[in-house]
file protein28.txt (compact mmCIF, C-alpha atoms and all ligand atoms)
# COMPACT_ATOMS: atom_id res chain seq x y z
CA MET A 1448 -152.88 -30.11 84.73
CA CYS A 1449 -150.92 -31.80 87.46
CA LEU A 1450 -147.13 -31.75 87.71
CA ASP A 1451 -145.06 -34.50 89.30
CA ASP A 1452 -142.45 -33.43 91.89
CA ASN A 1453 -139.75 -33.73 89.20
CA GLY A 1454 -141.49 -31.11 87.03
CA LYS A 1455 -142.87 -33.59 84.46
CA GLY A 1456 -146.56 -33.50 83.59
CA LEU A 1457 -148.63 -36.25 85.25
CA TYR A 1458 -151.98 -35.62 83.58
CA SER A 1459 -154.32 -32.96 82.30
CA THR A 1460 -158.07 -33.18 82.83
CA GLY A 1461 -158.80 -31.46 79.52
CA LEU A 1462 -161.73 -29.70 81.22
CA GLY A 1463 -160.57 -26.23 80.32
CA HIS A 1464 -160.39 -23.02 82.31
CA GLY A 1465 -160.33 -23.87 86.02
CA ASP A 1466 -160.79 -21.61 89.02
CA ALA A 1467 -160.62 -22.31 92.77
CA LEU A 1468 -159.79 -25.94 93.58
CA HIS A 1469 -159.40 -27.92 96.79
CA VAL A 1470 -157.02 -30.85 97.40
CA SER A 1471 -157.10 -33.18 100.43
CA ASP A 1472 -158.39 -36.60 101.42
CA LEU A 1473 -161.87 -35.36 100.57
CA ASP A 1474 -163.34 -38.89 100.36
CA PRO A 1475 -161.75 -41.10 103.04
CA SER A 1476 -163.37 -44.25 101.50
CA ILE A 1477 -161.05 -43.89 98.46
CA PRO A 1478 -157.30 -44.25 99.15
CA GLY A 1479 -155.25 -41.11 98.49
CA LEU A 1480 -156.14 -37.48 97.83
CA GLU A 1481 -158.98 -36.06 95.79
CA VAL A 1482 -159.50 -32.72 94.04
CA PHE A 1483 -162.73 -30.73 93.93
CA GLY A 1484 -162.68 -27.86 91.47
CA ILE A 1485 -164.85 -25.73 89.27
CA GLN A 1486 -164.42 -24.76 85.64
CA GLU A 1487 -165.16 -21.44 84.04
CA ARG A 1488 -166.69 -23.02 80.99
CA PHE A 1489 -170.14 -23.42 79.48
CA ASP A 1490 -170.31 -27.17 79.20
CA ASP A 1491 -170.82 -30.33 81.22
CA ALA A 1492 -168.15 -29.88 83.91
CA GLY A 1493 -169.01 -26.80 85.92
CA ALA A 1494 -167.70 -28.71 88.93
CA SER A 1495 -165.72 -31.95 89.13
CA PHE A 1496 -164.42 -34.33 91.76
CA ARG A 1497 -161.43 -36.40 90.80
CA SER A 1498 -158.42 -38.47 91.85
CA ALA A 1499 -155.48 -36.19 92.58
CA ALA A 1500 -153.04 -38.93 91.52
CA THR A 1501 -154.48 -39.87 88.12
CA GLY A 1502 -157.05 -37.19 87.21
CA GLU A 1503 -159.77 -39.84 86.93
CA ILE A 1504 -163.08 -38.00 87.29
CA TYR A 1505 -165.42 -39.64 89.80
CA TRP A 1506 -168.29 -37.22 89.25
CA LYS A 1507 -169.01 -33.89 87.65
CA LYS A 1508 -171.88 -31.42 87.41
CA ALA A 1509 -173.01 -29.42 84.42
CA SER A 1510 -173.17 -25.67 84.89
CA VAL A 1511 -175.15 -24.41 81.91
CA LYS A 1512 -176.39 -26.44 78.96
CA ALA A 1513 -174.13 -26.78 75.93
CA GLY A 1514 -174.60 -23.84 73.61
CA GLU A 1515 -175.97 -21.58 76.34
CA ASP A 1516 -174.08 -18.49 77.30
CA GLY A 1517 -172.49 -18.15 80.72
CA GLU A 1518 -169.23 -18.16 82.53
CA GLY A 1519 -169.66 -21.19 84.78
CA PRO A 1520 -169.67 -21.08 88.55
CA GLY A 1521 -167.80 -18.29 90.31
CA ARG A 1522 -166.65 -20.25 93.31
CA GLY A 1523 -166.51 -23.76 94.74
CA LEU A 1524 -165.53 -24.97 98.19
CA ALA A 1525 -164.95 -28.34 99.90
CA LEU A 1526 -164.87 -28.70 103.70
CA ASP A 1527 -166.21 -31.24 106.19
CA ILE A 1528 -169.07 -29.26 107.74
CA ASP A 1529 -171.79 -31.93 108.04
CA PRO A 1530 -171.01 -35.12 110.03
CA ARG A 1531 -174.09 -36.92 108.66
CA TYR A 1532 -172.25 -37.46 105.36
CA PRO A 1533 -168.76 -39.04 105.32
CA GLY A 1534 -165.90 -36.89 104.11
CA PHE A 1535 -166.00 -33.37 102.74
CA GLU A 1536 -169.11 -31.59 101.54
CA CYS A 1537 -168.65 -29.77 98.22
CA TRP A 1538 -170.61 -26.72 97.15
CA VAL A 1539 -170.78 -24.27 94.33
CA ALA A 1540 -171.99 -20.70 94.07
CA GLY A 1541 -173.80 -19.56 90.96
CA ALA A 1542 -174.44 -20.75 87.41
CA GLY A 1543 -177.03 -23.48 87.43
CA ILE A 1544 -175.46 -25.98 89.85
CA ARG A 1545 -175.88 -24.05 93.08
CA GLY A 1546 -176.19 -26.48 95.96
CA MET A 1547 -174.26 -28.72 98.35
CA PHE A 1548 -173.10 -32.20 97.40
CA ASP A 1549 -171.66 -35.05 99.46
CA CYS A 1550 -168.29 -36.45 98.38
CA LYS A 1551 -170.07 -38.98 96.14
CA GLY A 1552 -171.84 -36.22 94.20
CA ASN A 1553 -175.33 -36.57 95.74
CA LYS A 1554 -177.11 -33.28 96.32
CA ILE A 1555 -177.73 -32.90 100.07
CA ALA A 1556 -178.85 -29.25 100.40
CA ASP A 1557 -180.18 -26.49 98.17
CA ARG A 1558 -178.96 -23.79 100.50
CA ILE A 1559 -175.23 -23.23 100.86
CA PRO A 1560 -173.09 -21.23 103.28
CA SER A 1561 -170.40 -18.76 102.17
CA CYS A 1562 -168.17 -20.07 99.40
CA ASN A 1563 -164.77 -18.65 100.28
CA MET A 1564 -162.47 -20.05 102.99
CA GLY A 1565 -162.59 -22.47 105.94
CA ILE A 1566 -161.02 -22.45 109.39
CA TYR A 1567 -160.68 -24.87 112.31
CA TRP A 1568 -161.91 -22.58 115.08
CA ASP A 1569 -164.20 -24.28 117.61
CA GLY A 1570 -163.52 -27.47 119.58
CA ASP A 1571 -164.76 -30.04 117.04
CA VAL A 1572 -162.89 -31.43 114.03
CA LEU A 1573 -165.38 -30.08 111.49
CA SER A 1574 -164.43 -26.91 109.62
CA GLU A 1575 -166.00 -23.57 110.30
CA LEU A 1576 -166.58 -21.00 107.55
CA LEU A 1577 -164.35 -17.96 107.07
CA ASN A 1578 -165.57 -15.19 104.79
CA GLY A 1579 -164.75 -11.50 104.86
CA THR A 1580 -164.31 -10.59 108.51
CA THR A 1581 -166.60 -13.34 109.83
CA ILE A 1582 -166.38 -16.89 111.18
CA ASP A 1583 -169.61 -18.90 111.00
CA LYS A 1584 -170.71 -22.42 111.97
CA TRP A 1585 -172.84 -24.46 109.57
CA ASP A 1586 -176.05 -25.46 111.39
CA TYR A 1587 -176.52 -28.55 109.20
CA PRO A 1588 -179.97 -29.71 110.46
CA ASN A 1589 -181.40 -26.30 109.55
CA ALA A 1590 -179.13 -25.53 106.56
CA LYS A 1591 -178.18 -22.11 107.89
CA THR A 1592 -175.18 -20.48 109.50
CA THR A 1593 -174.60 -19.25 113.06
CA ARG A 1594 -172.17 -16.38 113.60
CA ILE A 1595 -169.24 -17.07 115.95
CA LEU A 1596 -167.03 -14.01 115.41
CA ASN A 1597 -167.02 -10.81 113.40
CA THR A 1598 -163.61 -9.16 113.49
CA ALA A 1599 -165.19 -5.96 112.11
CA ASP A 1600 -166.25 -5.52 115.76
CA PHE A 1601 -162.50 -5.10 116.40
CA GLN A 1602 -162.00 -2.49 113.65
CA CYS A 1603 -160.77 -5.12 111.15
CA ARG A 1604 -161.36 -5.31 107.40
CA SER A 1605 -160.86 -7.99 104.73
CA ASN A 1606 -158.68 -7.70 101.60
CA ASN A 1607 -158.88 -8.18 97.83
CA GLY A 1608 -162.25 -6.56 97.11
CA THR A 1609 -164.94 -9.12 96.34
CA LYS A 1610 -162.52 -11.97 97.22
CA SER A 1611 -162.86 -10.85 100.87
CA ASN A 1612 -159.79 -12.60 102.27
CA PRO A 1613 -158.05 -12.14 105.60
CA VAL A 1614 -154.35 -11.27 105.56
CA LEU A 1615 -153.66 -14.90 106.45
CA SER A 1616 -155.35 -17.87 108.10
CA ALA A 1617 -153.05 -20.58 109.46
CA ASP A 1618 -152.19 -22.58 112.56
CA ILE A 1619 -149.35 -20.34 113.73
CA LEU A 1620 -149.78 -20.27 117.55
CA GLY A 1621 -150.93 -22.58 120.34
CA ASP A 1622 -152.83 -25.78 119.54
CA TRP A 1623 -154.01 -27.16 116.18
CA ARG A 1624 -156.89 -24.70 115.75
CA GLU A 1625 -156.17 -21.98 113.20
CA GLU A 1626 -155.47 -18.35 113.89
CA VAL A 1627 -156.54 -15.58 111.51
CA ILE A 1628 -154.84 -12.25 110.81
CA TYR A 1629 -156.59 -9.07 109.64
CA ARG A 1630 -155.60 -5.50 108.97
CA THR A 1631 -157.35 -2.68 110.80
CA ALA A 1632 -159.50 -0.29 108.77
CA ASP A 1633 -156.84 2.43 109.06
CA ASN A 1634 -154.13 0.01 107.79
CA LYS A 1635 -151.94 0.82 110.80
CA GLU A 1636 -152.12 -2.53 112.60
CA LEU A 1637 -152.29 -6.27 112.01
CA ARG A 1638 -154.51 -8.13 114.50
CA ILE A 1639 -154.14 -11.84 115.21
CA PHE A 1640 -157.24 -13.70 116.41
CA SER A 1641 -156.96 -17.05 118.21
CA THR A 1642 -159.82 -19.20 119.44
CA PRO A 1643 -160.84 -19.02 123.11
CA ILE A 1644 -162.90 -22.25 122.79
CA PRO A 1645 -161.55 -25.40 124.53
CA THR A 1646 -161.16 -28.70 122.66
CA GLU A 1647 -160.89 -32.33 123.71
CA HIS A 1648 -158.84 -33.18 120.59
CA ARG A 1649 -155.05 -33.27 120.75
CA PHE A 1650 -153.07 -33.24 117.48
CA TYR A 1651 -149.66 -32.18 116.29
CA THR A 1652 -149.89 -28.56 115.14
CA LEU A 1653 -151.03 -28.40 111.53
CA MET A 1654 -147.78 -26.82 110.30
CA HIS A 1655 -146.17 -30.24 110.89
CA ASN A 1656 -148.02 -31.43 107.76
CA PRO A 1657 -145.99 -30.62 104.62
CA GLN A 1658 -149.03 -30.11 102.36
CA TYR A 1659 -150.57 -27.73 104.88
CA ARG A 1660 -147.29 -25.85 105.31
CA LEU A 1661 -147.03 -25.40 101.54
CA SER A 1662 -150.67 -24.24 101.52
CA ILE A 1663 -149.76 -21.41 103.87
CA ALA A 1664 -147.02 -20.31 101.46
CA TRP A 1665 -149.31 -20.21 98.41
CA GLN A 1666 -152.05 -18.52 100.41
CA ASN A 1667 -149.60 -15.62 100.56
CA VAL A 1668 -148.49 -15.59 96.92
CA GLY A 1669 -151.41 -16.85 94.83
CA TYR A 1670 -155.18 -16.93 94.81
CA ASN A 1671 -156.06 -16.85 98.50
CA GLN A 1672 -158.04 -19.95 99.36
CA PRO A 1673 -158.15 -22.11 102.49
CA PRO A 1674 -155.18 -24.38 103.25
CA HIS A 1675 -155.88 -28.12 103.29
CA LEU A 1676 -154.15 -31.00 105.06
CA GLY A 1677 -152.55 -34.03 103.40
CA PHE A 1678 -154.71 -36.36 105.56
CA PHE A 1679 -158.44 -36.54 106.31
CA MET A 1680 -159.48 -34.22 109.11
CA GLY A 1681 -163.17 -34.28 109.96
CA ALA A 1682 -165.94 -36.30 111.58
CA GLY A 1683 -164.93 -39.92 112.22
CA MET A 1684 -161.26 -39.26 111.42
CA SER A 1685 -158.45 -41.55 112.57
CA GLN A 1686 -155.60 -40.11 114.60
CA PRO A 1687 -153.38 -38.41 111.97
CA PRO A 1688 -150.00 -39.97 111.14
CA LYS A 1689 -147.11 -38.85 113.33
CA PRO A 1690 -145.22 -36.23 111.34
CA GLU A 1691 -141.83 -37.27 109.96
CA ILE A 1692 -139.85 -34.14 110.66
CA VAL A 1693 -136.09 -33.98 110.13
CA PHE A 1694 -134.18 -30.94 111.34
CA PRO A 1695 -131.17 -29.84 109.29
CA LYS A 1696 -127.85 -30.27 111.10
CA LYS A 1697 -125.94 -27.08 111.83
CA CA B 1 -159.38 -40.23 99.54
CA CA B 2 -169.12 -34.60 105.99
CA CA B 3 -164.48 -27.06 114.16
CA CA B 4 -153.31 -22.66 116.52
call {"tool": "encode", "arguments": {"input": "protein28.txt", "output": "structure tokens", "more": "lines below"}}
Ligand SMILES: [Ca+2]
Ligand SMILES: [Ca+2]
Ligand SMILES: [Ca+2]
Ligand SMILES: [Ca+2]
result
Amino acid sequence: MCLDDNGKGLYSTGLGHGDALHVSDLDPSIPGLEVFGIQERFDDAGASFRSAATGEIYWKKASVKAGEDGEGPGRGLALDIDPRYPGFECWVAGAGIRGMFDCKGNKIADRIPSCNMGIYWDGDVLSELLNGTTIDKWDYPNAKTTRILNTADFQCRSNNGTKSNPVLSADILGDWREEVIYRTADNKELRIFSTPIPTEHRFYTLMHNPQYRLSIAWQNVGYNQPPHLGFFMGAGMSQPPKPEIVFPKK
């Protein structure tokens, strides 16, 4: 379900038991924000892509056939990692619908990268992939990943068992690229990693975006998943809106 900012219910999809979901301007050709999520159910909506404002479902994918046993997909992720297709790519791990889809629901790859978190790390505006202690780049022509960084080389470990999360990923220092924080294996230190790669893109730091800032808060208190911006960031993006920031008077 979706709550309005006054606490009243806006809509419920009626799709049942959800799991990880992703909210941003996933499809820039449709005004407003979209939601990509998966359902832990056995029916016709293992994954769905919908309007964040109204809940209208633009497309959905069956996980297992009605009447079959199964728990639905374990994970789903939406990031812009392939500039050949406008907007965010959406992919699902497990349960019958494994594969990568464009933001219109067309299957574009059978192989998928990790299905966990994303990070803006290199110089381009596409997302990179963050999973466990590693940052990878999606090599879209060859449908495989290239390793950029493994923080295990710096004695770091991920958290939350099979969820394999960092302590935190967020734009907390320097330019708009995101930093990532890990614990060391002996749990005595926190280590902050920041990109050494130059970029030609200049943006306000991501924490200026209220949706992103809130995402960093819930990454700390809920089910750790990547933060998303309240505007489209990716290949072919427009310059983001200038943040409307008001400082409280002392
Ligand atoms: Ca949109
Ligand atoms: Ca894309
Ligand atoms: Ca990038
Ligand atoms: Ca940064």
call {"tool": "closest_residue", "arguments": {"input": "protein28.txt", "among": "A:Lys1696, A:Arg1630, A:Arg1531, A:Arg1545", "to": "A:Leu1573", "atoms": "all atoms listed in the file"}}
result
A:Arg1531
call {"tool": "atom_distance", "arguments": {"input": "protein28.txt", "atom1": "atom CA of A:Glu1647", "atom2": "atom CA of A:Asp1571"}}
result
8.0 Å
call {"tool": "residues_around", "arguments": {"input": "protein28.txt", "residues": "stretch 1471-1474 of chain A", "least_positions_apart": "6", "cutoff": "9 Å", "atoms": "all atoms listed in the file", "output": "list in words"}}
result
Leu1480, Glu1481, Val1482, Phe1483, Ala1499, Ala1525, Leu1526, Asp1527, Pro1533, Gly1534, Phe1535, Glu1536, Cys1550, Lys1551, Gln1658, His1675, Leu1676, Gly1677, Phe1678, Phe1679 and Met1680 of chain A
call {"tool": "write_last_selection", "arguments": {"input": "protein28.txt", "atoms": "C-alpha atoms", "output": "mmCIF file, in the coordinates of the input"}}
result
data_model
loop_
_atom_site.group_PDB
_atom_site.id
_atom_site.type_symbol
_atom_site.label_atom_id
_atom_site.label_comp_id
_atom_site.auth_asym_id
_atom_site.auth_seq_id
_atom_site.Cartn_x
_atom_site.Cartn_y
_atom_site.Cartn_z
ATOM 1 C CA LEU A 1480 -156.140 -37.480 97.830
ATOM 2 C CA GLU A 1481 -158.980 -36.060 95.790
ATOM 3 C CA VAL A 1482 -159.500 -32.720 94.040
ATOM 4 C CA PHE A 1483 -162.730 -30.730 93.930
ATOM 5 C CA ALA A 1499 -155.480 -36.190 92.580
ATOM 6 C CA ALA A 1525 -164.950 -28.340 99.900
ATOM 7 C CA LEU A 1526 -164.870 -28.700 103.700
ATOM 8 C CA ASP A 1527 -166.210 -31.240 106.190
ATOM 9 C CA PRO A 1533 -168.760 -39.040 105.320
ATOM 10 C CA GLY A 1534 -165.900 -36.890 104.110
ATOM 11 C CA PHE A 1535 -166.000 -33.370 102.740
ATOM 12 C CA GLU A 1536 -169.110 -31.590 101.540
ATOM 13 C CA CYS A 1550 -168.290 -36.450 98.380
ATOM 14 C CA LYS A 1551 -170.070 -38.980 96.140
ATOM 15 C CA GLN A 1658 -149.030 -30.110 102.360
ATOM 16 C CA HIS A 1675 -155.880 -28.120 103.290
ATOM 17 C CA LEU A 1676 -154.150 -31.000 105.060
ATOM 18 C CA GLY A 1677 -152.550 -34.030 103.400
ATOM 19 C CA PHE A 1678 -154.710 -36.360 105.560
ATOM 20 C CA PHE A 1679 -158.440 -36.540 106.310
ATOM 21 C CA MET A 1680 -159.480 -34.220 109.110
#
call {"tool": "closest_residue", "arguments": {"input": "protein28.txt", "among": "A:Cys1537, A:Cys1449, A:Val1627, A:Ile1559", "to": "ligand CA 2 (chain B)", "atoms": "all atoms listed in the file"}}
result
A:Cys1537
call {"tool": "residues_near_ligand", "arguments": {"input": "protein28.txt", "ligand": "ligand CA 4 (chain B)", "cutoff": "7 Å", "atoms": "all atoms listed in the file", "output": "CSV table (one decimal) with C-alpha atoms, in the coordinates of the input"}}
result
chain,number,residue,atom,x,y,z
A,1618,ASP,CA,-152.2,-22.6,112.6
A,1619,ILE,CA,-149.4,-20.3,113.7
A,1620,LEU,CA,-149.8,-20.3,117.6
A,1621,GLY,CA,-150.9,-22.6,120.3
A,1622,ASP,CA,-152.8,-25.8,119.5
A,1623,TRP,CA,-154.0,-27.2,116.2
A,1624,ARG,CA,-156.9,-24.7,115.8
A,1625,GLU,CA,-156.2,-22.0,113.2
A,1626,GLU,CA,-155.5,-18.4,113.9
A,1641,SER,CA,-157.0,-17.0,118.2
A,1652,THR,CA,-149.9,-28.6,115.1
call {"tool": "closest_residue", "arguments": {"input": "protein28.txt", "among": "A:Pro1687, A:Pro1560, A:Gly1546, A:Pro1478", "to": "ligand CA 1 (chain B)", "atoms": "all atoms listed in the file"}}
result
A:Pro1478
call {"tool": "residues_near_ligand", "arguments": {"input": "protein28.txt", "ligand": "ligand CA 3 (chain B)", "cutoff": "8 Å", "atoms": "all atoms listed in the file", "output": "list of chain:residue names"}}
result
A:Ile1566, A:Tyr1567, A:Trp1568, A:Asp1569, A:Gly1570, A:Asp1571, A:Val1572, A:Leu1573, A:Ser1574, A:Glu1575
call {"tool": "residues_near_point", "arguments": {"input": "protein28.txt", "point": "(-154.6, -16.8, 98.9)", "cutoff": "12 Å", "atoms": "all atoms listed in the file", "output": "list in words"}}
result
Ala1467, Leu1468, Asn1563, Met1564, Asn1606, Asn1607, Lys1610, Ser1611, Asn1612, Pro1613, Val1614, Leu1615, Ser1616, Ala1617, Leu1661, Ser1662, Ile1663, Ala1664, Trp1665, Gln1666, Asn1667, Val1668, Gly1669, Tyr1670, Asn1671, Gln1672, Pro1673 and Pro1674 of chain A
call {"tool": "closest_residue", "arguments": {"input": "protein28.txt", "among": "A:Tyr1587, A:Ala1599, A:Thr1592, A:Ser1685", "to": "ligand CA 2 (chain B)", "atoms": "only C-alpha atoms and all ligand atoms"}}
result
A:Tyr1587
call {"tool": "closest_residue", "arguments": {"input": "protein28.txt", "among": "A:Phe1640, A:Thr1580, A:Arg1558, A:Ala1500", "to": "A:Leu1457", "atoms": "only C-alpha atoms"}}
result
A:Ala1500
call {"tool": "decode", "arguments": {"input": "protein28.txt", "residues": "stretch 1615-1629 of chain A", "atoms": "N, CA and C atoms", "output": "CSV table (one decimal), in the first residue's frame"}}
result
chain,number,residue,atom,x,y,z
A,1615,LEU,N,26.9,1.2,5.1
A,1615,LEU,CA,26.0,2.2,4.5
A,1615,LEU,C,26.6,2.6,3.1
A,1616,SER,N,25.8,2.9,2.2
A,1616,SER,CA,26.2,3.5,0.9
A,1616,SER,C,25.5,4.8,0.8
A,1617,ALA,N,26.2,5.9,0.5
A,1617,ALA,CA,25.5,7.2,0.4
A,1617,ALA,C,26.5,8.2,-0.1
A,1618,ASP,N,26.0,9.3,-0.7
A,1618,ASP,CA,26.9,10.4,-1.0
A,1618,ASP,C,27.1,11.3,0.2
A,1619,ILE,N,28.2,11.0,0.9
A,1619,ILE,CA,28.4,11.7,2.2
A,1619,ILE,C,29.6,12.7,2.1
A,1620,LEU,N,30.5,12.5,1.1
A,1620,LEU,CA,31.7,13.3,1.0
A,1620,LEU,C,31.9,13.7,-0.4
A,1621,GLY,N,32.6,14.9,-0.6
A,1621,GLY,CA,33.1,15.2,-2.0
A,1621,GLY,C,31.9,15.4,-3.0
A,1622,ASP,N,32.1,15.0,-4.2
A,1622,ASP,CA,31.1,15.2,-5.3
A,1622,ASP,C,30.0,14.2,-5.2
A,1623,TRP,N,29.2,14.2,-6.3
A,1623,TRP,CA,27.9,13.5,-6.2
A,1623,TRP,C,28.0,12.0,-6.3
A,1624,ARG,N,29.2,11.5,-6.6
A,1624,ARG,CA,29.4,10.0,-6.5
A,1624,ARG,C,29.3,9.5,-5.1
A,1625,GLU,N,28.9,8.3,-4.9
A,1625,GLU,CA,28.5,7.7,-3.6
A,1625,GLU,C,29.7,7.1,-2.9
A,1626,GLU,N,29.8,7.3,-1.7
A,1626,GLU,CA,30.8,6.6,-0.8
A,1626,GLU,C,30.2,5.3,-0.3
A,1627,VAL,N,31.0,4.4,0.2
A,1627,VAL,CA,30.5,3.2,0.8
A,1627,VAL,C,31.3,2.9,2.1
A,1628,ILE,N,30.6,2.5,3.1
A,1628,ILE,CA,31.3,2.2,4.4
A,1628,ILE,C,31.2,0.7,4.7
A,1629,TYR,N,32.3,0.1,5.1
A,1629,TYR,CA,32.3,-1.3,5.6
A,1629,TYR,C,33.0,-1.4,6.9
